[in-house]
>>> print(open('upload38.txt').read())   # compact mmCIF, C-alpha atoms
# COMPACT_ATOMS: atom_id res chain seq x y z
CA MET A 1 11.10 -8.55 -12.77
CA ARG A 2 7.79 -8.62 -10.92
CA HIS A 3 6.90 -9.88 -7.45
CA LEU A 4 3.53 -10.41 -5.79
CA ILE A 5 3.65 -9.15 -2.23
CA SER A 6 0.32 -7.38 -1.88
CA PRO A 7 -2.87 -7.74 -3.93
CA LEU A 8 -2.37 -4.16 -5.08
CA ASP A 9 0.87 -5.06 -6.85
CA PHE A 10 -1.30 -5.91 -9.86
CA SER A 11 -3.56 -3.37 -11.53
CA VAL A 12 -7.22 -4.12 -12.19
CA SER A 13 -6.46 -4.86 -15.84
CA GLU A 14 -3.52 -7.13 -14.91
CA ILE A 15 -5.78 -9.04 -12.53
CA GLU A 16 -8.39 -9.35 -15.28
CA ARG A 17 -5.75 -10.85 -17.60
CA LEU A 18 -4.60 -13.20 -14.84
CA LEU A 19 -8.13 -14.37 -14.06
CA SER A 20 -8.81 -14.84 -17.75
CA LEU A 21 -5.65 -16.96 -18.09
CA ALA A 22 -6.64 -18.96 -14.98
CA SER A 23 -10.08 -19.63 -16.47
CA ASP A 24 -8.51 -20.82 -19.69
CA ILE A 25 -6.15 -23.10 -17.75
CA GLY A 26 -9.16 -24.58 -15.97
CA LYS A 27 -10.82 -25.36 -19.27
CA ASN A 28 -7.74 -26.50 -21.22
CA ARG A 29 -5.25 -28.00 -18.79
CA PRO A 30 -3.35 -30.19 -21.29
CA LYS A 31 -2.43 -27.05 -23.28
CA TYR A 32 -0.29 -25.85 -20.38
CA ALA A 33 1.25 -29.18 -19.35
CA HIS A 34 4.74 -28.28 -20.59
CA ALA A 35 4.65 -24.50 -20.29
CA CYS A 36 7.27 -24.52 -17.49
CA ASP A 37 9.43 -27.45 -18.55
CA GLY A 38 12.87 -27.05 -16.97
CA LYS A 39 11.74 -24.32 -14.53
CA LYS A 40 11.99 -24.69 -10.75
CA LEU A 41 9.74 -23.29 -8.02
CA ALA A 42 11.21 -22.92 -4.51
CA VAL A 43 8.62 -23.20 -1.76
CA LEU A 44 9.98 -21.59 1.42
CA PHE A 45 7.43 -22.35 4.12
CA TYR A 46 8.56 -21.23 7.55
CA GLU A 47 5.24 -22.20 9.13
CA PRO A 48 2.93 -25.17 8.62
CA SER A 49 0.58 -25.19 5.66
CA THR A 50 -1.12 -27.95 3.77
CA ARG A 51 -3.23 -26.47 1.06
CA THR A 52 -1.30 -23.36 0.10
CA ARG A 53 2.01 -25.23 -0.19
CA LEU A 54 0.49 -28.20 -1.99
CA SER A 55 -1.51 -25.88 -4.23
CA PHE A 56 1.73 -24.14 -5.29
CA GLU A 57 3.48 -27.46 -5.81
CA SER A 58 0.53 -28.86 -7.76
CA ALA A 59 0.44 -25.71 -9.90
CA MET A 60 4.12 -25.95 -10.85
CA LEU A 61 3.94 -29.70 -11.49
CA ASN A 62 0.86 -29.18 -13.69
CA LEU A 63 2.96 -26.77 -15.76
CA GLY A 64 5.73 -29.33 -16.26
CA GLY A 65 8.13 -27.64 -13.83
CA SER A 66 9.69 -29.00 -10.66
CA VAL A 67 9.61 -27.99 -7.02
CA LEU A 68 12.14 -27.75 -4.18
CA GLY A 69 12.00 -26.23 -0.71
CA PHE A 70 11.10 -26.80 2.91
CA SER A 71 7.87 -26.93 4.86
CA SER A 72 8.85 -25.69 8.32
CA ALA A 73 11.39 -23.34 9.84
CA ASP A 74 12.88 -26.28 11.78
CA SER A 75 13.94 -27.97 8.57
CA SER A 76 15.58 -24.84 7.13
CA SER A 77 18.64 -22.76 7.95
CA ALA A 78 16.32 -20.44 9.89
CA ALA A 79 16.78 -22.93 12.75
CA LYS A 80 20.49 -22.01 12.65
CA GLY A 81 19.62 -18.33 12.75
CA GLU A 82 19.87 -17.47 9.04
CA SER A 83 18.07 -14.30 8.05
CA VAL A 84 15.36 -14.13 5.38
CA SER A 85 17.64 -11.84 3.33
CA ASP A 86 20.46 -14.38 3.26
CA THR A 87 18.15 -17.32 2.56
CA ILE A 88 16.56 -15.66 -0.46
CA ARG A 89 19.93 -14.66 -1.91
CA VAL A 90 20.96 -18.32 -1.81
CA ILE A 91 17.64 -19.66 -3.09
CA SER A 92 17.87 -17.22 -6.02
CA CYS A 93 20.80 -19.36 -7.23
CA TYR A 94 18.76 -22.57 -7.10
CA ALA A 95 15.31 -21.73 -8.49
CA ASP A 96 13.55 -19.59 -11.10
CA ILE A 97 10.70 -18.39 -8.86
CA CYS A 98 9.87 -18.65 -5.18
CA ALA A 99 6.81 -18.73 -2.93
CA ILE A 100 7.44 -17.75 0.69
CA ARG A 101 5.30 -18.14 3.78
CA HIS A 102 6.63 -16.70 7.02
CA PRO A 103 5.06 -16.02 10.43
CA LYS A 104 6.49 -12.49 10.56
CA GLU A 105 4.64 -9.66 8.84
CA GLY A 106 6.62 -8.09 6.01
CA ALA A 107 8.92 -11.10 5.52
CA ALA A 108 7.97 -11.48 1.85
CA LEU A 109 8.67 -7.79 1.23
CA VAL A 110 12.15 -8.23 2.70
CA ALA A 111 12.70 -11.31 0.56
CA ALA A 112 11.60 -9.47 -2.59
CA SER A 113 13.99 -6.59 -1.86
CA LYS A 114 16.98 -8.98 -1.85
CA SER A 115 15.88 -11.51 -4.46
CA SER A 116 16.98 -11.90 -8.05
CA ILE A 117 14.01 -14.15 -8.87
CA PRO A 118 10.27 -13.34 -8.65
CA VAL A 119 8.92 -13.69 -5.11
CA ILE A 120 5.33 -14.62 -4.31
CA ASN A 121 3.99 -13.85 -0.85
CA ALA A 122 2.27 -17.05 0.27
CA GLY A 123 1.26 -15.44 3.58
CA ASP A 124 3.20 -13.22 6.00
CA GLY A 125 1.86 -13.60 9.53
CA GLY A 126 -1.52 -11.98 9.96
CA HIS A 127 -0.74 -9.42 7.27
CA GLN A 128 -1.30 -10.36 3.61
CA HIS A 129 -2.12 -13.45 1.58
CA PRO A 130 -2.42 -12.25 -2.03
CA THR A 131 -2.60 -15.63 -3.79
CA GLN A 132 -5.57 -16.57 -1.65
CA THR A 133 -7.07 -13.27 -2.75
CA LEU A 134 -6.54 -14.10 -6.42
CA THR A 135 -8.20 -17.45 -5.71
CA ASP A 136 -11.11 -15.68 -4.03
CA LEU A 137 -11.45 -13.23 -6.93
CA LEU A 138 -11.45 -16.05 -9.48
CA THR A 139 -14.05 -17.94 -7.41
CA ILE A 140 -16.32 -14.91 -7.05
CA HIS A 141 -15.95 -14.00 -10.72
CA SER A 142 -16.67 -17.55 -11.84
CA LEU A 143 -19.74 -17.87 -9.60
CA LYS A 144 -21.24 -14.38 -9.92
CA GLY A 145 -19.87 -13.33 -13.32
CA LYS A 146 -18.60 -10.03 -11.88
CA LEU A 147 -16.47 -8.51 -9.13
CA GLY A 148 -18.38 -5.27 -8.65
CA ASN A 149 -21.85 -4.40 -7.34
CA LEU A 150 -21.78 -7.06 -4.66
CA THR A 151 -22.44 -7.09 -0.91
CA VAL A 152 -19.69 -9.17 0.64
CA GLY A 153 -19.94 -10.41 4.21
CA LEU A 154 -16.66 -11.16 5.96
CA CYS A 155 -17.13 -13.20 9.11
CA GLY A 156 -14.96 -14.45 11.96
CA ASP A 157 -11.41 -13.38 12.74
CA LEU A 158 -11.13 -10.10 10.88
CA LYS A 159 -8.21 -8.91 12.99
CA PHE A 160 -5.61 -11.60 12.25
CA GLY A 161 -7.31 -13.03 9.15
CA ARG A 162 -4.83 -12.06 6.44
CA THR A 163 -7.07 -13.47 3.70
CA VAL A 164 -9.72 -10.96 4.73
CA HIS A 165 -7.29 -8.03 4.66
CA SER A 166 -6.02 -8.96 1.22
CA LEU A 167 -9.53 -9.51 -0.15
CA ILE A 168 -10.69 -6.09 1.04
CA HIS A 169 -7.58 -4.56 -0.55
CA ALA A 170 -8.46 -6.11 -3.87
CA LEU A 171 -12.23 -5.66 -3.93
CA ILE A 172 -12.32 -1.95 -3.11
CA ARG A 173 -11.08 -1.27 -6.63
CA TYR A 174 -14.34 -2.49 -8.14
CA PRO A 175 -17.43 -0.26 -8.30
CA GLY A 176 -20.47 -0.84 -6.11
CA ILE A 177 -18.68 -3.04 -3.55
CA ARG A 178 -20.18 -3.02 -0.07
CA PHE A 179 -18.93 -4.89 2.99
CA VAL A 180 -20.61 -6.28 6.09
CA LEU A 181 -17.86 -6.94 8.65
CA ILE A 182 -19.04 -9.58 11.13
CA SER A 183 -16.76 -10.27 14.10
CA PRO A 184 -16.56 -10.22 17.89
CA PRO A 185 -15.34 -6.81 19.15
CA GLU A 186 -11.89 -8.24 19.98
CA LEU A 187 -11.38 -9.46 16.40
CA ARG A 188 -12.54 -6.38 14.50
CA ILE A 189 -10.81 -5.36 11.30
CA PRO A 190 -7.50 -3.53 12.01
CA ASP A 191 -7.81 0.22 11.93
CA TYR A 192 -5.24 0.57 9.12
CA ILE A 193 -7.60 -1.35 6.82
CA ARG A 194 -10.54 0.81 7.90
CA GLU A 195 -8.54 4.02 7.63
CA ASN A 196 -6.26 3.47 4.62
CA PHE A 197 -8.62 1.53 2.43
CA LEU A 198 -12.30 1.55 3.37
CA ASP A 199 -12.57 5.15 4.55
CA ALA A 200 -9.98 6.51 2.12
CA ALA A 201 -11.81 4.98 -0.86
CA GLY A 202 -15.26 5.97 0.43
CA ILE A 203 -16.41 2.33 0.55
CA GLU A 204 -19.77 1.58 2.13
CA TYR A 205 -19.47 -0.86 5.05
CA ARG A 206 -20.99 -1.70 8.37
CA GLU A 207 -19.63 -3.60 11.34
CA THR A 208 -21.76 -6.01 13.33
CA THR A 209 -21.41 -8.91 15.74
CA ASP A 210 -24.57 -10.63 14.42
CA LEU A 211 -24.21 -13.13 11.56
CA ASP A 212 -27.92 -14.05 11.58
CA ASP A 213 -28.90 -10.47 11.03
CA ALA A 214 -26.57 -10.06 8.04
CA MET A 215 -27.49 -13.21 6.08
CA GLU A 216 -30.33 -11.81 3.98
CA GLU A 217 -28.40 -8.93 2.45
CA LEU A 218 -25.28 -10.85 1.32
CA ASP A 219 -24.23 -11.89 -2.18
CA ILE A 220 -21.07 -13.55 -0.87
CA LEU A 221 -20.34 -14.80 2.65
CA TYR A 222 -16.63 -15.22 3.34
CA MET A 223 -16.17 -17.30 6.49
CA THR A 224 -12.85 -17.47 8.33
CA ARG A 225 -11.38 -19.60 11.08
CA VAL A 226 -10.34 -18.10 14.40
CA GLN A 227 -6.64 -18.92 14.20
CA LYS A 228 -5.17 -20.43 17.33
CA GLU A 229 -1.62 -19.68 16.18
CA ARG A 230 -2.27 -15.89 16.16
CA PHE A 231 -3.16 -15.72 19.87
CA PHE A 232 -0.61 -15.11 22.60
CA ASN A 233 -3.22 -16.12 25.19
CA GLU A 234 -4.99 -19.48 24.85
CA GLU A 235 -7.90 -18.39 27.06
CA ASP A 236 -8.80 -15.69 24.54
CA TYR A 237 -8.69 -18.25 21.74
CA ILE A 238 -10.98 -20.69 23.57
CA ARG A 239 -13.43 -17.93 24.35
CA MET A 240 -13.73 -16.82 20.73
CA LYS A 241 -13.10 -19.91 18.61
CA ASP A 242 -16.74 -20.92 18.21
CA CYS A 243 -18.30 -17.48 18.13
CA TYR A 244 -19.78 -18.04 14.65
CA ILE A 245 -21.08 -21.32 13.27
CA LEU A 246 -22.76 -21.31 9.88
CA ASP A 247 -25.40 -24.04 9.72
CA ALA A 248 -28.32 -25.08 7.52
CA GLU A 249 -30.72 -22.98 9.59
CA LYS A 250 -28.78 -19.79 8.91
CA MET A 251 -28.44 -20.70 5.23
CA LYS A 252 -32.26 -20.64 4.97
CA ARG A 253 -32.13 -16.88 5.45
CA ALA A 254 -29.62 -16.34 2.63
CA LYS A 255 -30.40 -15.46 -0.99
CA PRO A 256 -30.70 -18.43 -3.37
CA ASP A 257 -27.67 -17.17 -5.28
CA MET A 258 -25.53 -16.28 -2.27
CA TYR A 259 -22.28 -18.25 -2.17
CA VAL A 260 -20.23 -19.27 0.85
CA LEU A 261 -16.44 -19.06 0.55
CA HIS A 262 -13.78 -20.09 3.07
CA PRO A 263 -10.00 -20.08 2.62
CA LEU A 264 -9.85 -23.41 4.53
CA PRO A 265 -8.97 -25.19 6.69
CA ARG A 266 -12.23 -24.91 8.59
CA VAL A 267 -12.71 -26.08 12.13
CA ASN A 268 -16.22 -25.56 13.50
CA GLU A 269 -17.25 -22.34 11.79
CA ILE A 270 -19.09 -24.09 8.95
CA SER A 271 -21.20 -27.06 9.94
CA VAL A 272 -20.62 -30.10 7.67
CA GLU A 273 -24.35 -30.12 6.84
CA VAL A 274 -23.73 -26.96 4.76
CA ASP A 275 -21.30 -28.85 2.47
CA ASP A 276 -24.18 -30.36 0.48
CA ASP A 277 -25.79 -26.97 -0.15
CA PRO A 278 -25.08 -25.95 -3.77
CA ARG A 279 -24.19 -22.50 -2.46
CA ALA A 280 -21.21 -23.93 -0.53
CA ALA A 281 -18.32 -23.02 -2.81
CA TYR A 282 -15.28 -23.57 -0.59
CA PHE A 283 -14.10 -26.84 -2.12
CA ARG A 284 -14.45 -25.45 -5.65
CA GLN A 285 -12.45 -22.49 -4.37
CA ALA A 286 -9.52 -24.84 -3.60
CA GLN A 287 -9.54 -26.04 -7.22
CA TYR A 288 -9.59 -22.47 -8.49
CA GLY A 289 -6.55 -21.86 -6.26
CA VAL A 290 -4.45 -24.23 -8.34
CA TYR A 291 -5.50 -22.59 -11.62
CA VAL A 292 -4.81 -19.09 -10.38
CA ARG A 293 -1.36 -20.08 -9.05
CA MET A 294 -0.57 -21.66 -12.42
CA ALA A 295 -1.57 -18.41 -14.10
CA LEU A 296 0.52 -16.42 -11.62
CA ILE A 297 3.64 -18.54 -12.16
CA LEU A 298 3.28 -18.16 -15.94
CA THR A 299 2.79 -14.41 -15.59
CA LEU A 300 5.73 -13.78 -13.25
CA LEU A 301 8.04 -16.02 -15.27
CA GLU A 302 6.84 -14.19 -18.39
CA VAL A 303 6.15 -17.49 -20.11
CA ASN A 304 4.30 -16.88 -23.33
CA CYS A 305 1.93 -19.73 -23.90
CA LEU A 306 1.38 -20.04 -27.60
CA CYS A 307 -0.80 -23.02 -26.91
CA MET B 1 19.98 37.51 31.85
CA LEU B 2 21.67 34.65 29.99
CA THR B 3 23.50 35.83 26.88
CA ILE B 4 24.59 33.56 24.07
CA SER B 5 26.42 35.16 21.19
CA GLY B 6 25.11 35.04 17.65
CA ILE B 7 26.64 32.83 15.00
CA ARG B 8 28.44 33.88 11.84
CA GLU B 9 27.62 30.85 9.74
CA GLY B 10 25.30 27.98 10.57
CA VAL B 11 21.72 27.22 11.49
CA VAL B 12 19.37 28.35 14.23
CA LEU B 13 16.45 26.06 15.01
CA ASP B 14 13.84 28.29 16.58
CA HIS B 15 10.38 27.72 18.00
CA ILE B 16 11.19 24.25 19.27
CA GLN B 17 8.55 23.01 21.66
CA ALA B 18 9.94 23.44 25.18
CA GLY B 19 11.67 20.25 26.33
CA LYS B 20 12.21 18.80 22.85
CA SER B 21 15.69 20.19 22.16
CA MET B 22 17.67 17.25 23.57
CA GLU B 23 15.65 14.77 21.48
CA ILE B 24 16.42 16.82 18.39
CA TYR B 25 20.09 17.06 19.41
CA ARG B 26 20.21 13.26 19.62
CA LEU B 27 18.25 12.48 16.45
CA LEU B 28 20.26 14.94 14.34
CA GLY B 29 23.46 13.35 15.65
CA LEU B 30 24.79 16.76 16.71
CA GLY B 31 26.89 15.15 19.44
CA LYS B 32 28.96 13.40 16.77
CA MET B 33 29.50 16.51 14.64
CA ASP B 34 32.56 18.68 14.86
CA CYS B 35 30.70 21.94 15.40
CA THR B 36 29.73 24.33 18.16
CA VAL B 37 26.21 23.77 19.45
CA ALA B 38 24.28 25.92 21.91
CA ILE B 39 21.06 24.62 23.39
CA ILE B 40 18.74 27.14 24.97
CA LYS B 41 15.94 25.63 27.01
CA ASN B 42 12.77 27.27 28.25
CA ALA B 43 13.35 30.62 26.57
CA LYS B 44 10.45 33.06 26.72
CA SER B 45 8.38 33.13 23.55
CA ASN B 46 5.50 35.37 22.55
CA LYS B 47 4.22 32.64 20.22
CA LEU B 48 4.66 29.53 22.40
CA GLY B 49 5.01 30.84 25.95
CA ARG B 50 8.19 28.79 26.39
CA LYS B 51 10.41 27.37 23.68
CA ASP B 52 13.79 25.75 23.07
CA ILE B 53 16.36 27.01 20.57
CA ILE B 54 19.37 25.23 19.09
CA LYS B 55 22.20 27.22 17.51
CA ILE B 56 24.65 25.29 15.39
CA GLU B 57 27.83 26.98 14.18
CA GLY B 58 29.30 25.63 10.93
CA SER B 59 28.21 24.27 7.56
CA MET B 60 24.91 22.40 7.84
CA ASP B 61 24.51 21.06 4.31
CA ASN B 62 23.73 17.59 5.66
CA LEU B 63 21.07 18.65 8.14
CA ASP B 64 18.26 16.09 7.99
CA LEU B 65 15.16 18.23 7.66
CA ASP B 66 12.98 15.10 7.41
CA ILE B 67 13.74 14.24 11.02
CA LEU B 68 12.97 17.78 12.08
CA GLY B 69 9.75 17.75 10.09
CA TYR B 70 8.71 14.54 11.82
CA ILE B 71 9.49 15.78 15.34
CA ASP B 72 7.83 19.14 14.90
CA HIS B 73 7.13 20.71 11.54
CA HIS B 74 6.43 24.04 13.24
CA ILE B 75 10.13 24.53 13.99
CA THR B 76 11.68 27.49 12.17
CA VAL B 77 15.00 26.73 10.47
CA ASN B 78 17.05 29.92 10.00
CA VAL B 79 20.12 29.59 7.79
CA ILE B 80 22.80 32.12 8.81
CA ARG B 81 25.64 33.43 6.70
CA ASP B 82 27.82 36.46 7.50
CA ASP B 83 25.79 37.11 10.65
CA ALA B 84 22.53 37.44 8.72
CA ILE B 85 19.54 35.18 8.10
CA ILE B 86 19.71 34.30 4.40
CA GLU B 87 16.93 31.72 4.34
CA LYS B 88 14.04 30.51 6.45
CA LYS B 89 13.31 26.88 5.59
CA ARG B 90 9.79 25.51 5.85
CA LEU B 91 9.34 22.06 7.29
CA SER B 92 6.68 19.55 6.45
CA LEU B 93 5.86 16.04 7.51
CA PRO B 94 8.07 13.74 5.42
CA ASP B 95 6.36 11.04 3.36
CA LYS B 96 8.92 8.49 4.51
CA LEU B 97 11.08 8.05 7.61
CA VAL B 98 14.13 5.82 7.58
CA ASN B 99 15.75 4.76 10.87
CA VAL B 100 14.10 7.52 12.89
CA ILE B 101 11.50 5.49 14.78
CA ARG B 102 11.26 1.76 15.45
CA CYS B 103 8.41 -0.69 14.88
CA LYS B 104 7.14 -2.11 18.16
CA ASN B 105 4.97 -4.84 16.64
CA PRO B 106 6.37 -8.18 17.87
CA ARG B 107 4.89 -9.87 14.78
CA CYS B 108 6.85 -7.62 12.39
CA ILE B 109 9.86 -8.98 10.49
CA THR B 110 11.90 -6.02 11.83
CA SER B 111 11.76 -7.71 15.26
CA ILE B 112 14.03 -10.56 14.09
CA GLU B 113 15.74 -9.65 10.80
CA PRO B 114 19.20 -8.14 11.40
CA GLY B 115 20.29 -5.00 9.58
CA LEU B 116 16.87 -4.09 8.28
CA PRO B 117 16.21 -0.36 7.93
CA GLN B 118 13.23 0.83 9.96
CA ILE B 119 11.00 2.38 7.30
CA PHE B 120 7.74 4.19 8.03
CA TYR B 121 5.36 5.88 5.62
CA LEU B 122 2.95 8.73 6.31
CA SER B 123 -0.46 7.05 6.13
CA ASP B 124 -2.58 10.01 7.18
CA ARG B 125 -1.29 13.57 7.00
CA LYS B 126 -4.24 14.99 8.92
CA SER B 127 -3.69 12.83 11.99
CA GLU B 128 0.12 12.82 11.38
CA ARG B 129 0.08 9.02 11.52
CA TYR B 130 3.00 6.89 10.41
CA ARG B 131 2.86 3.17 9.67
CA CYS B 132 5.56 0.55 9.36
CA ARG B 133 6.44 -0.21 5.73
CA TYR B 134 6.69 -3.94 6.51
CA CYS B 135 3.68 -4.70 8.73
CA ASP B 136 1.52 -1.52 8.38
CA GLU B 137 1.28 -1.21 12.15
CA LYS B 138 0.86 2.40 13.28
CA HIS B 139 3.56 4.09 15.32
CA GLU B 140 2.20 5.22 18.69
>>> encode(input="upload38.txt", output="structure tokens")
Amino acid sequence: MRHLISPLDFSVSEIERLLSLASDIGKNRPKYAHACDGKKLAVLFYEPSTRTRLSFESAMLNLGGSVLGFSSADSSSAAKGESVSDTIRVISCYADICAIRHPKEGAALVAASKSSIPVINAGDGGHQHPTQTLTDLLTIHSLKGKLGNLTVGLCGDLKFGRTVHSLIHALIRYPGIRFVLISPPELRIPDYIRENFLDAAGIEYRETTDLDDAMEELDILYMTRVQKERFFNEEDYIRMKDCYILDAEKMKRAKPDMYVLHPLPRVNEISVEVDDDPRAAYFRQAQYGVYVRMALILTLLEVNCLC
Amino acid sequence: MLTISGIREGVVLDHIQAGKSMEIYRLLGLGKMDCTVAIIKNAKSNKLGRKDIIKIEGSMDNLDLDILGYIDHHITVNVIRDDAIIEKKRLSLPDKLVNVIRCKNPRCITSIEPGLPQIFYLSDRKSERYRCRYCDEKHE
């Protein structure tokens, strides 16, 4: 039985197969409409989420399966003090596969260690968000036709931005990857990412506070929101929330085939005027998210689609 | 001069950094063991200037060398039988520590989940840095 807790749980070739399956799903959706008939997905969301939870639910429904679960800790037994370990043992009796989002880092790993069904990490605090990473990889691959030999700019909250951590994890396995890490000093990438992954793998990167300066060299710009819920101090949040705003003026400096990604939801960090730019790929990215989650569910449930 | 007799069978932990012996005593759970323990603090040492020594009389098959390796892998572990040193064990930094140190990250699942083992992995041998298995936060 397989789980997906970190992007590195899948090898490069397994990710290639998954992305290939996701692409096929995107092109031939009716073929997969009954692939999970009779199967149930449990969505255990201990913190608010719109798109990730609905994307998982949409994915399972598209496959003919059904969905059960909760969308906040208040509406679960966590409010009564139940541990993650106990909850997952019980849920294992009700569903065939589970997606868990929890505000505490490492919660999905704990769930996987006690579960008898496949567990998908749908975000654990500021730590990892591997299904967003798979979405990002599918988006980049679909737009650029490759995952290597790219200069990727990561901008905004690089400290608590779990999507950024997971994406770095995944991309360093492809040759010729280079990063430009754009953040205020307080929201720099955590040192374990720099140490364990970037430095350890000999990846070329530079850190800067200047988005304008980086625009010209990027093949992909990955914008992130400064997340209010990750701050203990509201003053810090207010000071940093609008530190980067991508607008049409900045886009003029970018390459004609540079694409802008964002895990969404956005607040102010991408001006709405950028939405009409053909290089704005963040809404297409949301669609890719459904396909990749469908592919992931099929893979973890070991459903062989002979369609 | 203080004299402490030798031991017939057991273990002598030598070259302990001065002042660390009580921490080792606690982490090895020596207080709970039914054996004779002598702790020598601030002994003169040609190598270290000052050092601590712990002598443990009795069978030490269950001695957790991982904990010792984590605290100070320069400690010499002398295994004694019939009044003679029969083995000098080398210590190294363990790849994994279980329930030796605790994660202090308030965002980590270990801060709320009951009964969870505190697991750390060695992330960088050169800087002797350990990180929490759950949240990857470094142990200070």
>>> axis_aligned_box(input="upload38.txt", around="stretch 8-22 of chain A", padding_each_side="6 Å", output="AutoDock Vina command-line options")
--center_x -4.0 --center_y -11.2 --center_z -11.6 --size_x 21.7 --size_y 27.6 --size_z 25.0
>>> interface_residues(input="upload38.txt", of="chain B", to="chain A", cutoff="10 Å", atoms="all atoms listed in the file", output="list of chain:residue names")
B:Asn105, B:Pro106, B:Arg107, B:Cys108, B:Ile109, B:Thr110, B:Ser111, B:Ile112, B:Glu113, B:Pro114, B:Gly115, B:Leu116, B:Ser123, B:Asp124, B:Arg131, B:Cys132, B:Arg133, B:Tyr134, B:Cys135, B:Asp136, B:Glu137, B:Lys138
>>> write_last_selection(input="upload38.txt", atoms="C-alpha atoms", output="mmCIF file, in the frame of the given file")
data_model
loop_
_atom_site.group_PDB
_atom_site.id
_atom_site.type_symbol
_atom_site.label_atom_id
_atom_site.label_comp_id
_atom_site.auth_asym_id
_atom_site.auth_seq_id
_atom_site.Cartn_x
_atom_site.Cartn_y
_atom_site.Cartn_z
ATOM 1 C CA ASN B 105 4.970 -4.840 16.640
ATOM 2 C CA PRO B 106 6.370 -8.180 17.870
ATOM 3 C CA ARG B 107 4.890 -9.870 14.780
ATOM 4 C CA CYS B 108 6.850 -7.620 12.390
ATOM 5 C CA ILE B 109 9.860 -8.980 10.490
ATOM 6 C CA THR B 110 11.900 -6.020 11.830
ATOM 7 C CA SER B 111 11.760 -7.710 15.260
ATOM 8 C CA ILE B 112 14.030 -10.560 14.090
ATOM 9 C CA GLU B 113 15.740 -9.650 10.800
ATOM 10 C CA PRO B 114 19.200 -8.140 11.400
ATOM 11 C CA GLY B 115 20.290 -5.000 9.580
ATOM 12 C CA LEU B 116 16.870 -4.090 8.280
ATOM 13 C CA SER B 123 -0.460 7.050 6.130
ATOM 14 C CA ASP B 124 -2.580 10.010 7.180
ATOM 15 C CA ARG B 131 2.860 3.170 9.670
ATOM 16 C CA CYS B 132 5.560 0.550 9.360
ATOM 17 C CA ARG B 133 6.440 -0.210 5.730
ATOM 18 C CA TYR B 134 6.690 -3.940 6.510
ATOM 19 C CA CYS B 135 3.680 -4.700 8.730
ATOM 20 C CA ASP B 136 1.520 -1.520 8.380
ATOM 21 C CA GLU B 137 1.280 -1.210 12.150
ATOM 22 C CA LYS B 138 0.860 2.400 13.280
#
>>> atom_distance(input="upload38.txt", atom1="atom CA of B:Cys103", atom2="atom CA of B:His73")
21.7 Å
>>> closest_residue(input="upload38.txt", among="B:Phe120, B:Tyr25, B:Tyr70, B:Tyr130", to="B:Ile39", atoms="only C-alpha atoms")
B:Tyr25
>>> residues_near_point(input="upload38.txt", point="(7.8, 14.4, 13.0)", cutoff="10 Å", atoms="only C-alpha atoms", output="list in words")
Leu65, Asp66, Ile67, Leu68, Gly69, Tyr70, Ile71, Asp72, His73, His74, Leu91, Ser92, Leu93, Pro94, Leu97, Val100, Ile101, Glu128, Arg129 and Tyr130 of chain B
>>> write_last_selection(input="upload38.txt", atoms="C-alpha atoms", output="compact mmCIF listing (two decimals), in the frame of the given file")
# COMPACT_ATOMS: atom_id res chain seq x y z
CA LEU B 65 15.16 18.23 7.66
CA ASP B 66 12.98 15.10 7.41
CA ILE B 67 13.74 14.24 11.02
CA LEU B 68 12.97 17.78 12.08
CA GLY B 69 9.75 17.75 10.09
CA TYR B 70 8.71 14.54 11.82
CA ILE B 71 9.49 15.78 15.34
CA ASP B 72 7.83 19.14 14.90
CA HIS B 73 7.13 20.71 11.54
CA HIS B 74 6.43 24.04 13.24
CA LEU B 91 9.34 22.06 7.29
CA SER B 92 6.68 19.55 6.45
CA LEU B 93 5.86 16.04 7.51
CA PRO B 94 8.07 13.74 5.42
CA LEU B 97 11.08 8.05 7.61
CA VAL B 100 14.10 7.52 12.89
CA ILE B 101 11.50 5.49 14.78
CA GLU B 128 0.12 12.82 11.38
CA ARG B 129 0.08 9.02 11.52
CA TYR B 130 3.00 6.89 10.41
>>> atom_distance(input="upload38.txt", atom1="atom CA of B:Ala84", atom2="atom CA of B:Arg8")
7.6 Å
>>> atom_distance(input="upload38.txt", atom1="atom CA of A:Leu54", atom2="atom CA of A:Cys98")
13.8 Å
>>> residues_around(input="upload38.txt", residues="A:Asp257", least_positions_apart="2", cutoff="12 Å", atoms="only C-alpha atoms", output="PyMOL selection string")
chain A and resi 140+143-145+150+216-221+251-255+259-260+277-281
>>> closest_atom_pairs(input="upload38.txt", of="stretch 19-135 of chain B", to="stretch 9-13 of chain B", cutoff="6 Å", atoms="all atoms listed in the file", output="tab-separated table")
residue	atom	partner	partner_atom	distance
B:Ile53	CA	B:Leu13	CA	5.6
B:Ile54	CA	B:Leu13	CA	5.1
B:Lys55	CA	B:Val12	CA	4.5
B:Ile56	CA	B:Val11	CA	5.2
B:Glu57	CA	B:Gly10	CA	4.5
B:Gly58	CA	B:Gly10	CA	4.7
B:Ser59	CA	B:Gly10	CA	5.6
B:Thr76	CA	B:Leu13	CA	5.7
B:Val77	CA	B:Leu13	CA	4.8
B:Asn78	CA	B:Val12	CA	5.1
B:Val79	CA	B:Val11	CA	4.7
B:Ile80	CA	B:Glu9	CA	5.1
B:Arg81	CA	B:Glu9	CA	4.5
>>> residues_near_point(input="upload38.txt", point="(18.4, 2.9, 4.6)", cutoff="8 Å", atoms="only C-alpha atoms", output="list in words")
Val98, Asn99, Pro117, Gln118 and Ile119 of chain B
>>> residues_around(input="upload38.txt", residues="stretch 43-50 of chain B", least_positions_apart="4", cutoff="8 Å", atoms="all atoms listed in the file", output="number ranges by chain")
B: 15, 17-18
